[in-house]
>>> print(open('target_25.csv').read())   # CSV, C-alpha atoms
chain,number,residue,atom,x,y,z
A,1,MET,CA,78.3,-17.1,-52.3
A,2,VAL,CA,82.1,-16.3,-52.6
A,3,ARG,CA,84.3,-18.9,-51.1
A,4,TRP,CA,87.2,-18.0,-48.7
A,5,ASP,CA,90.3,-18.5,-50.8
A,6,GLY,CA,92.9,-17.5,-48.2
A,7,GLN,CA,94.8,-19.7,-45.8
A,8,ARG,CA,92.7,-22.5,-44.3
A,9,ARG,CA,93.1,-24.7,-41.3
A,10,GLU,CA,92.0,-28.3,-41.1
A,11,ALA,CA,88.6,-29.0,-39.7
A,12,GLY,CA,88.6,-30.7,-36.3
A,13,GLU,CA,87.5,-30.5,-32.8
A,14,GLY,CA,87.0,-26.9,-31.7
A,15,MET,CA,86.4,-25.5,-35.2
A,16,MET,CA,84.3,-22.4,-35.1
A,17,GLU,CA,80.9,-22.1,-36.9
A,18,TRP,CA,79.9,-18.7,-38.2
A,19,ASP,CA,77.0,-17.3,-40.1
A,20,SER,CA,79.1,-15.1,-42.3
A,21,LEU,CA,82.7,-14.2,-43.0
A,22,TRP,CA,84.0,-11.0,-44.5
A,23,PHE,CA,87.6,-11.1,-45.9
A,24,ASN,CA,90.1,-9.5,-48.2
A,25,GLY,CA,89.6,-5.9,-46.9
A,26,HIS,CA,90.8,-3.5,-44.3
A,27,ALA,CA,89.0,-2.4,-41.2
A,28,ALA,CA,88.9,0.9,-39.4
A,29,THR,CA,87.7,-0.6,-36.1
A,30,MET,CA,87.3,2.7,-34.2
A,31,ALA,CA,88.4,0.7,-31.2
A,32,PRO,CA,91.9,0.5,-29.5
A,33,GLY,CA,94.2,-0.9,-32.1
A,34,GLY,CA,92.5,1.1,-34.8
A,35,ILE,CA,93.4,-0.1,-38.3
A,36,LEU,CA,93.5,-3.7,-39.3
A,37,ARG,CA,95.1,-4.5,-42.7
A,38,ASP,CA,94.0,-7.6,-44.5
A,39,ALA,CA,91.2,-8.0,-42.0
A,40,VAL,CA,88.6,-10.7,-41.5
A,41,VAL,CA,85.3,-10.2,-39.7
A,42,ALA,CA,83.3,-13.3,-38.6
A,43,VAL,CA,79.7,-12.9,-37.6
A,44,LYS,CA,77.5,-15.2,-35.5
A,45,ASP,CA,73.9,-14.5,-34.4
A,46,GLY,CA,74.0,-10.9,-35.5
A,47,ARG,CA,77.1,-10.1,-33.6
A,48,ILE,CA,80.8,-9.9,-34.3
A,49,ALA,CA,82.3,-13.3,-33.3
A,50,TRP,CA,85.9,-12.6,-34.3
A,51,ILE,CA,87.8,-9.8,-36.0
A,52,GLY,CA,91.5,-9.7,-36.8
A,53,ALA,CA,94.2,-10.1,-39.4
A,54,ALA,CA,93.7,-12.9,-41.9
A,55,ARG,CA,96.9,-14.6,-40.8
A,56,ASP,CA,95.5,-15.0,-37.2
A,57,ARG,CA,92.1,-16.3,-38.2
A,58,PRO,CA,91.0,-19.2,-36.0
A,59,ALA,CA,89.9,-22.4,-37.6
A,60,GLY,CA,86.3,-22.2,-38.6
A,61,ARG,CA,83.7,-22.2,-41.4
A,62,ALA,CA,80.9,-19.9,-42.4
A,63,ALA,CA,77.6,-20.4,-44.1
A,64,GLU,CA,78.3,-17.3,-46.2
A,65,GLU,CA,81.7,-15.8,-47.2
A,66,HIS,CA,82.1,-12.4,-48.8
A,67,ASP,CA,85.1,-11.1,-50.6
A,68,LEU,CA,85.5,-7.4,-49.8
A,69,GLY,CA,87.8,-6.9,-52.8
A,70,GLY,CA,90.3,-4.7,-50.9
A,71,ARG,CA,87.6,-2.3,-49.7
A,72,TRP,CA,87.5,-0.7,-46.2
A,73,VAL,CA,85.1,-1.6,-43.5
A,74,THR,CA,83.9,0.6,-40.6
A,75,PRO,CA,81.2,0.3,-38.0
A,76,GLY,CA,77.8,1.2,-39.3
A,77,LEU,CA,77.4,5.0,-39.0
A,78,ILE,CA,75.3,6.5,-36.3
A,79,ASP,CA,73.3,9.7,-36.7
A,80,CYS,CA,72.9,10.6,-33.0
A,81,HIS,CA,70.8,13.8,-33.2
A,82,THR,CA,67.9,14.2,-35.7
A,83,HIS,CA,64.4,15.6,-35.9
A,84,LEU,CA,63.6,13.3,-38.7
A,85,VAL,CA,59.8,13.1,-38.1
A,86,PHE,CA,57.9,16.3,-38.9
A,87,GLY,CA,55.2,17.8,-41.1
A,88,GLY,CA,55.8,20.3,-43.9
A,89,ASN,CA,59.0,22.3,-44.6
A,90,ARG,CA,60.4,25.7,-44.0
A,91,ALA,CA,61.9,26.7,-47.3
A,92,ARG,CA,60.3,30.1,-47.1
A,93,GLU,CA,62.2,30.8,-43.9
A,94,PHE,CA,65.4,29.9,-45.6
A,95,GLU,CA,64.6,32.7,-48.1
A,96,MET,CA,63.8,35.0,-45.2
A,97,ARG,CA,67.2,34.4,-43.6
A,98,LEU,CA,68.9,35.1,-46.9
A,99,GLU,CA,67.0,38.4,-46.9
A,100,GLY,CA,68.5,39.3,-43.5
A,101,ALA,CA,66.0,37.9,-40.9
A,102,THR,CA,67.7,36.2,-37.9
A,103,TYR,CA,66.7,32.8,-36.4
A,104,GLU,CA,65.4,34.6,-33.3
A,105,GLU,CA,63.4,37.2,-35.4
A,106,ILE,CA,61.7,34.4,-37.4
A,107,ALA,CA,60.9,32.5,-34.2
A,108,ARG,CA,59.5,35.5,-32.4
A,109,ALA,CA,57.3,36.3,-35.4
A,110,GLY,CA,55.6,32.9,-35.2
A,111,GLY,CA,57.8,31.1,-37.6
A,112,GLY,CA,60.5,28.6,-36.8
A,113,ILE,CA,59.5,25.7,-34.7
A,114,ALA,CA,55.9,27.1,-34.3
A,115,SER,CA,55.2,26.7,-38.0
A,116,THR,CA,56.4,23.1,-38.0
A,117,VAL,CA,54.3,22.4,-35.0
A,118,ALA,CA,51.2,23.5,-36.9
A,119,ALA,CA,52.1,21.3,-39.9
A,120,THR,CA,52.9,18.3,-37.7
A,121,ARG,CA,49.7,18.6,-35.7
A,122,ALA,CA,47.8,18.5,-39.0
A,123,ALA,CA,49.6,15.3,-40.3
A,124,ASP,CA,48.5,11.8,-39.5
A,125,GLU,CA,50.8,9.0,-38.5
A,126,GLU,CA,51.2,7.4,-41.9
A,127,SER,CA,52.0,10.8,-43.5
A,128,LEU,CA,54.7,11.4,-40.9
A,129,ILE,CA,56.2,8.0,-41.5
A,130,ALA,CA,56.1,8.5,-45.3
A,131,SER,CA,57.8,11.9,-45.2
A,132,ALA,CA,60.4,10.8,-42.7
A,133,ALA,CA,61.2,7.7,-44.8
A,134,VAL,CA,62.1,10.0,-47.7
A,135,ARG,CA,64.7,11.7,-45.5
A,136,LEU,CA,65.8,8.4,-43.9
A,137,GLN,CA,66.7,6.6,-47.1
A,138,PRO,CA,69.7,8.7,-48.2
A,139,LEU,CA,71.1,8.2,-44.7
A,140,LEU,CA,70.7,4.4,-45.0
A,141,ALA,CA,72.4,4.5,-48.4
A,142,GLU,CA,75.4,6.2,-46.8
A,143,GLY,CA,75.9,3.4,-44.3
A,144,VAL,CA,73.8,4.7,-41.3
A,145,THR,CA,72.6,1.8,-39.2
A,146,VAL,CA,71.5,3.7,-36.1
A,147,VAL,CA,69.5,6.9,-36.0
A,148,GLU,CA,68.2,8.9,-33.1
A,149,VAL,CA,64.8,10.6,-33.7
A,150,LYS,CA,63.4,13.3,-31.5
A,151,SER,CA,59.8,14.4,-30.9
A,152,GLY,CA,59.2,18.1,-30.2
A,153,TYR,CA,57.1,19.3,-33.1
A,154,GLY,CA,53.8,18.3,-31.4
A,155,LEU,CA,54.0,20.1,-28.1
A,156,ASP,CA,50.8,18.3,-27.0
A,157,LEU,CA,50.4,14.7,-25.9
A,158,ALA,CA,48.6,13.4,-29.0
A,159,THR,CA,51.1,14.8,-31.5
A,160,GLU,CA,54.1,13.9,-29.5
A,161,ARG,CA,52.8,10.4,-29.2
A,162,ARG,CA,52.1,10.3,-32.9
A,163,MET,CA,55.7,11.5,-33.7
A,164,LEU,CA,57.3,8.9,-31.5
A,165,ARG,CA,55.1,6.1,-32.9
A,166,ALA,CA,56.1,7.2,-36.4
A,167,ALA,CA,59.8,7.1,-35.3
A,168,ARG,CA,59.4,3.5,-33.9
A,169,ALA,CA,57.7,2.5,-37.1
A,170,LEU,CA,60.7,3.6,-39.1
A,171,GLY,CA,62.8,1.1,-37.2
A,172,GLU,CA,60.3,-1.7,-37.9
A,173,ARG,CA,60.0,-0.9,-41.7
A,174,PHE,CA,63.6,-0.1,-42.5
A,175,PRO,CA,66.9,-1.8,-41.7
A,176,VAL,CA,67.9,0.7,-39.0
A,177,THR,CA,68.0,0.9,-35.2
A,178,VAL,CA,65.9,3.8,-34.0
A,179,ARG,CA,66.4,5.5,-30.6
A,180,THR,CA,63.6,7.8,-29.7
A,181,THR,CA,64.0,11.0,-27.6
A,182,GLY,CA,61.2,13.0,-26.0
A,183,LEU,CA,61.7,16.7,-26.8
A,184,ALA,CA,58.4,18.0,-25.6
A,185,ALA,CA,60.3,20.9,-24.0
A,186,HIS,CA,61.4,22.1,-27.4
A,187,ALA,CA,59.4,25.3,-27.7
A,188,LEU,CA,56.4,27.0,-26.1
A,189,PRO,CA,53.2,26.1,-27.9
A,190,PRO,CA,51.0,29.0,-28.9
A,191,GLU,CA,48.2,28.0,-26.6
A,192,PHE,CA,50.6,28.5,-23.7
A,193,ALA,CA,51.9,31.9,-24.7
A,194,GLY,CA,53.2,33.7,-21.6
A,195,ARG,CA,52.7,30.6,-19.5
A,196,ALA,CA,55.9,28.7,-19.8
A,197,ASP,CA,55.9,27.3,-16.3
A,198,ASP,CA,52.4,25.9,-16.9
A,199,TYR,CA,53.6,24.2,-20.0
A,200,ILE,CA,56.6,22.7,-18.3
A,201,ALA,CA,54.3,21.4,-15.6
A,202,LEU,CA,52.2,19.7,-18.3
A,203,VAL,CA,55.4,18.2,-19.8
A,204,CYS,CA,56.6,16.9,-16.4
A,205,ASP,CA,53.3,15.8,-14.9
A,206,GLY,CA,51.5,14.6,-18.0
A,207,MET,CA,53.4,14.1,-21.3
A,208,LEU,CA,56.6,12.4,-20.2
A,209,PRO,CA,55.1,10.0,-17.7
A,210,THR,CA,52.5,8.9,-20.2
A,211,LEU,CA,54.9,8.5,-23.1
A,212,ALA,CA,57.4,6.6,-20.9
A,213,ALA,CA,54.6,4.3,-19.7
A,214,GLU,CA,53.8,3.5,-23.3
A,215,GLY,CA,57.4,2.5,-24.0
A,216,LEU,CA,57.9,5.3,-26.5
A,217,LEU,CA,60.9,7.0,-24.9
A,218,ASP,CA,64.6,6.0,-24.8
A,219,ALA,CA,65.7,9.4,-23.5
A,220,VAL,CA,64.5,13.0,-22.7
A,221,ASP,CA,65.8,16.2,-24.3
A,222,ALA,CA,65.1,19.9,-23.8
A,223,PHE,CA,66.0,23.2,-25.5
A,224,CYS,CA,67.7,25.4,-22.9
A,225,GLU,CA,68.0,28.8,-24.6
A,226,ARG,CA,66.7,32.3,-24.2
A,227,ILE,CA,64.1,31.7,-26.9
A,228,ALA,CA,63.1,28.4,-25.4
A,229,PHE,CA,63.3,27.3,-21.7
A,230,SER,CA,65.4,28.5,-18.8
A,231,PRO,CA,67.9,26.4,-16.8
A,232,GLU,CA,65.4,26.2,-14.0
A,233,GLN,CA,62.6,24.9,-16.3
A,234,THR,CA,65.0,22.5,-17.9
A,235,ALA,CA,66.0,21.2,-14.5
A,236,ARG,CA,62.4,20.4,-13.8
A,237,VAL,CA,62.2,18.3,-17.0
A,238,PHE,CA,65.4,16.5,-16.1
A,239,ASP,CA,64.2,15.8,-12.6
A,240,THR,CA,61.2,14.2,-14.1
A,241,ALA,CA,63.3,12.1,-16.5
A,242,ARG,CA,65.4,11.0,-13.5
A,243,ARG,CA,62.3,9.8,-11.7
A,244,LEU,CA,61.2,7.9,-14.8
A,245,GLY,CA,64.6,6.2,-15.1
A,246,LEU,CA,65.4,7.9,-18.4
A,247,PRO,CA,68.8,9.4,-19.5
A,248,VAL,CA,68.8,13.0,-20.7
A,249,LYS,CA,70.3,15.0,-23.5
A,250,LEU,CA,70.3,18.8,-24.0
A,251,HIS,CA,70.2,21.4,-26.8
A,252,ALA,CA,72.8,23.6,-25.0
A,253,ASP,CA,74.6,26.9,-25.5
A,254,GLN,CA,73.7,27.2,-29.2
A,255,LEU,CA,72.9,30.9,-29.3
A,256,SER,CA,74.4,32.1,-26.0
A,257,ASP,CA,76.3,30.7,-23.0
A,258,GLY,CA,73.3,30.0,-20.8
A,259,GLY,CA,75.2,27.4,-18.7
A,260,GLY,CA,73.4,24.6,-20.6
A,261,ALA,CA,76.5,22.3,-20.9
A,262,ALA,CA,77.2,22.6,-17.1
A,263,LEU,CA,73.5,21.9,-16.4
A,264,ALA,CA,73.6,18.8,-18.6
A,265,ALA,CA,76.7,17.6,-16.9
A,266,ARG,CA,75.1,18.0,-13.5
A,267,TYR,CA,72.5,15.5,-14.6
A,268,SER,CA,75.1,13.2,-16.1
A,269,ALA,CA,73.6,13.8,-19.5
A,270,LEU,CA,74.5,11.5,-22.4
A,271,SER,CA,75.2,14.6,-24.5
A,272,ALA,CA,75.1,18.3,-24.8
A,273,ASP,CA,74.4,19.3,-28.4
A,274,HIS,CA,75.3,22.4,-30.5
A,275,VAL,CA,77.6,23.8,-27.7
A,276,GLU,CA,79.0,26.7,-29.8
A,277,HIS,CA,79.0,29.0,-26.8
A,278,THR,CA,80.0,26.5,-24.1
A,279,SER,CA,82.6,28.0,-21.7
A,280,GLU,CA,85.6,26.3,-20.3
A,281,GLU,CA,83.7,25.8,-17.0
A,282,GLY,CA,81.0,24.0,-18.9
A,283,THR,CA,83.6,21.9,-20.8
A,284,ARG,CA,85.3,20.8,-17.5
A,285,ALA,CA,81.9,19.8,-16.2
A,286,MET,CA,81.2,17.8,-19.3
A,287,ALA,CA,84.5,16.0,-19.1
A,288,MET,CA,84.0,15.1,-15.4
A,289,ALA,CA,80.5,13.8,-16.2
A,290,GLY,CA,81.4,11.9,-19.4
A,291,THR,CA,79.0,14.0,-21.4
A,292,VAL,CA,79.5,13.9,-25.1
A,293,ALA,CA,79.7,17.1,-27.1
A,294,VAL,CA,77.5,16.6,-30.2
A,295,LEU,CA,78.6,18.9,-33.0
A,296,LEU,CA,76.0,20.0,-35.6
A,297,PRO,CA,77.8,21.6,-38.5
A,298,GLY,CA,74.8,21.6,-40.7
A,299,ALA,CA,72.9,24.1,-38.4
A,300,PHE,CA,76.1,26.2,-38.0
A,301,TYR,CA,76.3,26.4,-41.8
A,302,MET,CA,72.7,27.0,-42.5
A,303,LEU,CA,72.4,29.8,-39.9
A,304,ARG,CA,75.7,31.3,-41.1
A,305,GLU,CA,77.0,31.3,-37.5
A,306,THR,CA,80.5,32.6,-36.7
A,307,LYS,CA,81.0,31.4,-33.2
A,308,LEU,CA,82.8,28.0,-33.4
A,309,PRO,CA,82.4,25.3,-30.8
A,310,PRO,CA,85.3,25.3,-28.4
A,311,ILE,CA,87.0,22.3,-30.1
A,312,GLU,CA,90.4,22.9,-28.5
A,313,LEU,CA,88.8,23.0,-25.1
A,314,PHE,CA,87.0,19.7,-25.8
A,315,ARG,CA,90.4,18.2,-26.9
A,316,ARG,CA,92.3,19.6,-23.9
A,317,HIS,CA,89.8,18.3,-21.3
A,318,GLY,CA,89.0,15.0,-23.1
A,319,VAL,CA,85.4,15.6,-24.0
A,320,PRO,CA,84.3,13.1,-26.6
A,321,MET,CA,83.0,14.8,-29.8
A,322,ALA,CA,80.2,13.3,-31.9
A,323,VAL,CA,78.9,14.6,-35.2
A,324,SER,CA,75.4,14.5,-36.5
A,325,THR,CA,73.1,15.9,-39.2
A,326,ASP,CA,70.6,17.6,-36.9
A,327,CYS,CA,68.2,16.8,-39.7
A,328,ASN,CA,65.3,19.2,-39.2
A,329,PRO,CA,63.1,21.4,-41.3
A,330,GLY,CA,64.4,24.8,-40.3
A,331,THR,CA,68.0,25.0,-39.5
A,332,SER,CA,69.6,21.9,-40.9
A,333,PRO,CA,67.6,20.2,-43.6
A,334,ALA,CA,70.5,17.7,-44.0
A,335,VAL,CA,70.1,14.2,-45.2
A,336,SER,CA,73.8,13.3,-45.7
A,337,LEU,CA,76.0,12.3,-42.7
A,338,LEU,CA,79.0,12.1,-45.0
A,339,LEU,CA,78.6,15.8,-45.8
A,340,MET,CA,78.6,16.5,-42.1
A,341,LEU,CA,81.9,14.7,-41.9
A,342,ASN,CA,83.4,17.1,-44.4
A,343,MET,CA,81.8,20.1,-42.7
A,344,ALA,CA,83.1,19.0,-39.3
A,345,CYS,CA,86.6,19.0,-40.8
A,346,THR,CA,86.4,22.2,-42.9
A,347,LEU,CA,84.3,24.3,-40.6
A,348,PHE,CA,85.2,23.0,-37.1
A,349,ARG,CA,88.8,21.8,-38.0
A,350,LEU,CA,88.3,18.2,-36.7
A,351,THR,CA,90.7,15.7,-38.1
A,352,PRO,CA,89.3,13.0,-40.3
A,353,GLN,CA,89.9,10.5,-37.5
A,354,GLU,CA,88.0,12.7,-35.0
A,355,ALA,CA,85.2,13.2,-37.5
A,356,LEU,CA,84.9,9.5,-38.2
A,357,ALA,CA,84.9,8.7,-34.4
A,358,GLY,CA,82.1,11.3,-34.2
A,359,VAL,CA,79.7,9.2,-36.3
A,360,THR,CA,80.8,5.8,-34.8
A,361,SER,CA,82.3,5.4,-31.4
A,362,ASN,CA,81.4,8.8,-29.9
A,363,ALA,CA,78.0,8.8,-31.5
A,364,ALA,CA,77.3,5.5,-29.7
A,365,LEU,CA,78.4,7.1,-26.5
A,366,ALA,CA,76.0,10.0,-27.1
A,367,LEU,CA,73.1,7.5,-27.3
A,368,GLY,CA,74.2,5.3,-24.4
A,369,MET,CA,74.9,2.5,-26.8
A,370,ALA,CA,78.7,2.1,-26.5
A,371,ALA,CA,78.4,-1.4,-25.1
A,372,THR,CA,76.8,-2.7,-28.3
A,373,HIS,CA,77.6,-0.3,-31.2
A,374,GLY,CA,80.1,2.2,-32.6
A,375,THR,CA,83.2,0.0,-32.9
A,376,LEU,CA,84.2,-3.3,-34.6
A,377,GLU,CA,84.8,-5.6,-31.6
A,378,PRO,CA,83.8,-9.1,-30.6
A,379,GLY,CA,80.4,-9.2,-29.0
A,380,LYS,CA,79.2,-6.0,-30.5
A,381,ALA,CA,76.4,-5.7,-33.1
A,382,ALA,CA,77.5,-6.8,-36.6
A,383,ASP,CA,76.7,-3.4,-38.1
A,384,LEU,CA,79.2,-2.8,-40.9
A,385,ALA,CA,79.6,-0.2,-43.6
A,386,VAL,CA,81.8,-1.2,-46.6
A,387,TRP,CA,83.5,1.6,-48.6
A,388,ASP,CA,85.1,2.0,-52.0
A,389,VAL,CA,87.9,4.2,-50.8
A,390,GLY,CA,91.7,3.9,-50.6
A,391,ASP,CA,91.8,5.4,-47.1
A,392,PRO,CA,89.2,6.2,-44.4
A,393,ALA,CA,90.1,9.9,-44.6
A,394,GLU,CA,88.3,9.9,-48.0
A,395,LEU,CA,85.0,9.6,-46.2
A,396,CYS,CA,85.6,13.2,-45.0
A,397,TYR,CA,87.1,14.4,-48.3
A,398,TRP,CA,84.6,13.9,-51.1
A,399,LEU,CA,81.8,16.4,-51.5
A,400,GLY,CA,78.5,14.9,-52.9
A,401,ALA,CA,79.9,11.4,-53.4
A,402,ASN,CA,78.7,8.3,-51.7
A,403,PRO,CA,81.3,5.6,-51.7
A,404,CYS,CA,79.3,3.2,-49.6
A,405,ALA,CA,79.5,-0.2,-51.4
A,406,ALA,CA,77.5,-2.3,-48.9
A,407,VAL,CA,75.8,-2.2,-45.5
A,408,VAL,CA,75.4,-5.0,-43.0
A,409,ARG,CA,73.1,-4.6,-40.1
A,410,GLY,CA,72.9,-7.2,-37.4
A,411,GLY,CA,74.9,-9.6,-39.6
A,412,ARG,CA,72.4,-9.3,-42.5
A,413,LEU,CA,73.4,-7.7,-45.8
A,414,VAL,CA,70.9,-4.8,-46.4
A,415,LYS,CA,72.8,-3.0,-49.2
A,416,SER,CA,74.4,-5.5,-51.5
A,417,LEU,CA,78.1,-5.6,-52.3
A,418,GLN,CA,78.7,-4.9,-56.0
A,419,GLY,CA,81.7,-6.1,-58.0
>>> encode(input="target_25.csv", output="structure tokens")
Amino acid sequence: MVRWDGQRREAGEGMMEWDSLWFNGHAATMAPGGILRDAVVAVKDGRIAWIGAARDRPAGRAAEEHDLGGRWVTPGLIDCHTHLVFGGNRAREFEMRLEGATYEEIARAGGGIASTVAATRAADEESLIASAAVRLQPLLAEGVTVVEVKSGYGLDLATERRMLRAARALGERFPVTVRTTGLAAHALPPEFAGRADDYIALVCDGMLPTLAAEGLLDAVDAFCERIAFSPEQTARVFDTARRLGLPVKLHADQLSDGGGAALAARYSALSADHVEHTSEEGTRAMAMAGTVAVLLPGAFYMLRETKLPPIELFRRHGVPMAVSTDCNPGTSPAVSLLLMLNMACTLFRLTPQEALAGVTSNAALALGMAATHGTLEPGKAADLAVWDVGDPAELCYWLGANPCAAVVRGGRLVKSLQG
């Protein structure tokens, strides 16, 4: 245990008692006030009890005190859009795209999501947990403390349930908070070919109510696109979510402007994700609804897309922008959120500050967790990432480097501080 060697105050009545104290570093709080030089973070019962400049530290003592050695501290990172649980992989489709096949051509030929559905249906729960853990661990090493995991590769009740149970298990076995999202309306399963309305009826009348009753859902998502489900079918899914008391998210306007962002906003969706083709009308609707735009540069890069998300419209209308890996087997096999920060800056022209907000404060908004996560403020979860960098902008600058020196989740050190 390293002792606090800064200015002390005499013990006496009213002295604070903390579980841990983090000092001799700088904090990018991602909250109003932004940067704190020579910062101190005090933790009690898994939450931030006090944060501020060392000169203002109230009298108190802590069971553990940690010297940050001049490093930077940010909130724990949040990966707010992943498909982390799935069977198999789609490396062959990657080759096909390089040979000229489009995403739609692969999907219509029975590849794409359908091939992952077959592999996922064939996998048992422990296999799904084990393979997802391999993808999760690099994210944890980069300071991720919250991850959203979607279903959507089962497309039947048994496999959707198995995927969601596997996702919940990750949160029990690893030091990460997992939010689960039901994405049964991801694609049309082969047994429902030509009967999309019948499948949506099954999703709405059978799958979602059952999964919600079993406590496996934190939110509901859908894929609203010409190769997936229409706005009318998506609205039926969202109406069901509303009846179940669940918030919604939407894969929106990825391949075309189908009005997905505006539809999401109509249902006060937490987020509209991808949004490359979102119109100004859709952007205004998102702004009014408080819907977050989740940018997924990994998929943009892998698909070699050329249509950029309307970043300037999002800025002009005040739409919060989050950034995520979209970790999935087909279009974004990404297991580095730090790499996504760089891509968000280089491909989408976000500023480093915007990109970092995209994996902290705005990512928390996209999951409905802003009251407890995403910024370093008193009362919020003591999820901290400690960085060996001279400036927070370096988190967006380095390619292939991981400067994460330590991770604290709920006040507990889960990746040890070295040096």
>>> closest_residue(input="target_25.csv", among="A:Val85, A:Leu155, A:Ala228, A:Ala366", to="A:Ala118", atoms="all atoms listed in the file")
A:Leu155
>>> atom_distance(input="target_25.csv", atom1="atom CA of A:Leu68", atom2="atom CA of A:Val176")
22.2 Å
>>> closest_residue(input="target_25.csv", among="A:Leu244, A:Ala169, A:Val117, A:Ala381", to="A:Gly411", atoms="all atoms listed in the file")
A:Ala381
>>> residues_around(input="target_25.csv", residues="A:His26", least_positions_apart="5", cutoff="12 Å", atoms="all atoms listed in the file", output="mmCIF file with C-alpha atoms, in the frame of the given file")
data_model
loop_
_atom_site.group_PDB
_atom_site.id
_atom_site.type_symbol
_atom_site.label_atom_id
_atom_site.label_comp_id
_atom_site.auth_asym_id
_atom_site.auth_seq_id
_atom_site.Cartn_x
_atom_site.Cartn_y
_atom_site.Cartn_z
ATOM 1 C CA GLY A 34 92.500 1.100 -34.800
ATOM 2 C CA ILE A 35 93.400 -0.100 -38.300
ATOM 3 C CA LEU A 36 93.500 -3.700 -39.300
ATOM 4 C CA ARG A 37 95.100 -4.500 -42.700
ATOM 5 C CA ASP A 38 94.000 -7.600 -44.500
ATOM 6 C CA ALA A 39 91.200 -8.000 -42.000
ATOM 7 C CA VAL A 40 88.600 -10.700 -41.500
ATOM 8 C CA VAL A 41 85.300 -10.200 -39.700
ATOM 9 C CA ILE A 51 87.800 -9.800 -36.000
ATOM 10 C CA GLY A 52 91.500 -9.700 -36.800
ATOM 11 C CA ALA A 53 94.200 -10.100 -39.400
ATOM 12 C CA ALA A 54 93.700 -12.900 -41.900
ATOM 13 C CA ASP A 67 85.100 -11.100 -50.600
ATOM 14 C CA LEU A 68 85.500 -7.400 -49.800
ATOM 15 C CA GLY A 69 87.800 -6.900 -52.800
ATOM 16 C CA GLY A 70 90.300 -4.700 -50.900
ATOM 17 C CA ARG A 71 87.600 -2.300 -49.700
ATOM 18 C CA TRP A 72 87.500 -0.700 -46.200
ATOM 19 C CA VAL A 73 85.100 -1.600 -43.500
ATOM 20 C CA THR A 74 83.900 0.600 -40.600
ATOM 21 C CA LEU A 376 84.200 -3.300 -34.600
ATOM 22 C CA ALA A 385 79.600 -0.200 -43.600
ATOM 23 C CA VAL A 386 81.800 -1.200 -46.600
ATOM 24 C CA TRP A 387 83.500 1.600 -48.600
ATOM 25 C CA ASP A 388 85.100 2.000 -52.000
ATOM 26 C CA VAL A 389 87.900 4.200 -50.800
ATOM 27 C CA GLY A 390 91.700 3.900 -50.600
ATOM 28 C CA ASP A 391 91.800 5.400 -47.100
ATOM 29 C CA PRO A 392 89.200 6.200 -44.400
#
>>> closest_residue(input="target_25.csv", among="A:Val319, A:Leu313, A:Leu347, A:Val178", to="A:Leu270", atoms="all atoms listed in the file")
A:Val319
>>> closest_residue(input="target_25.csv", among="A:Ser115, A:Thr283, A:Asn362, A:Thr372", to="A:Tyr153", atoms="only C-alpha atoms")
A:Ser115
>>> closest_residue(input="target_25.csv", among="A:Ser416, A:Asn402, A:Thr181, A:Gln353", to="A:Ala322", atoms="only C-alpha atoms")
A:Gln353
>>> residues_near_point(input="target_25.csv", point="(56.6, 4.9, -21.3)", cutoff="12 Å", atoms="all atoms listed in the file", output="JSON, numbers by chain")
{"A": [161, 164, 165, 180, 181, 182, 206, 207, 208, 209, 210, 211, 212, 213, 214, 215, 216, 217, 218, 219, 220, 241, 244, 245, 246]}
>>> axis_aligned_box(input="target_25.csv", around="stretch 186-196 of chain A", padding_each_side="3 Å", output="AutoDock Vina command-line options")
--center_x 54.8 --center_y 27.9 --center_z -24.2 --size_x 19.2 --size_y 17.6 --size_z 15.4
>>> residues_around(input="target_25.csv", residues="A:Ala62", least_positions_apart="6", cutoff="10 Å", atoms="all atoms listed in the file", output="list in words")
Arg3, Trp4, Met16, Glu17, Trp18, Asp19, Ser20, Leu21, Trp22, Ala42, Val43 and Lys44 of chain A
>>> closest_residue(input="target_25.csv", among="A:Met15, A:Leu303, A:Leu339, A:Val248", to="A:Glu93", atoms="all atoms listed in the file")
A:Leu303
>>> atom_distance(input="target_25.csv", atom1="atom CA of A:Tyr199", atom2="atom CA of A:Ile106")
21.7 Å
>>> closest_atom_pairs(input="target_25.csv", of="stretch 32-105 of chain A", to="stretch 127-150 of chain A", cutoff="8 Å", atoms="only C-alpha atoms", output="Markdown table")
| residue | atom | partner | partner_atom | distance |
| --- | --- | --- | --- | --- |
| A:Gly76 | CA | A:Thr145 | CA | 5.2 |
| A:Leu77 | CA | A:Val144 | CA | 4.3 |
| A:Ile78 | CA | A:Val146 | CA | 4.7 |
| A:Asp79 | CA | A:Val147 | CA | 4.8 |
| A:Cys80 | CA | A:Glu148 | CA | 5.0 |
| A:His81 | CA | A:Glu148 | CA | 5.5 |
| A:Thr82 | CA | A:Val149 | CA | 5.2 |
| A:His83 | CA | A:Lys150 | CA | 5.1 |
| A:Leu84 | CA | A:Ala132 | CA | 5.7 |
| A:Val85 | CA | A:Ala132 | CA | 5.2 |
| A:Phe86 | CA | A:Leu128 | CA | 6.2 |
| A:Gly87 | CA | A:Leu128 | CA | 6.4 |
>>> residues_around(input="target_25.csv", residues="A:Ala265", least_positions_apart="4", cutoff="6 Å", atoms="all atoms listed in the file", output="VMD selection string")
chain A and resid 269 285 to 286 289
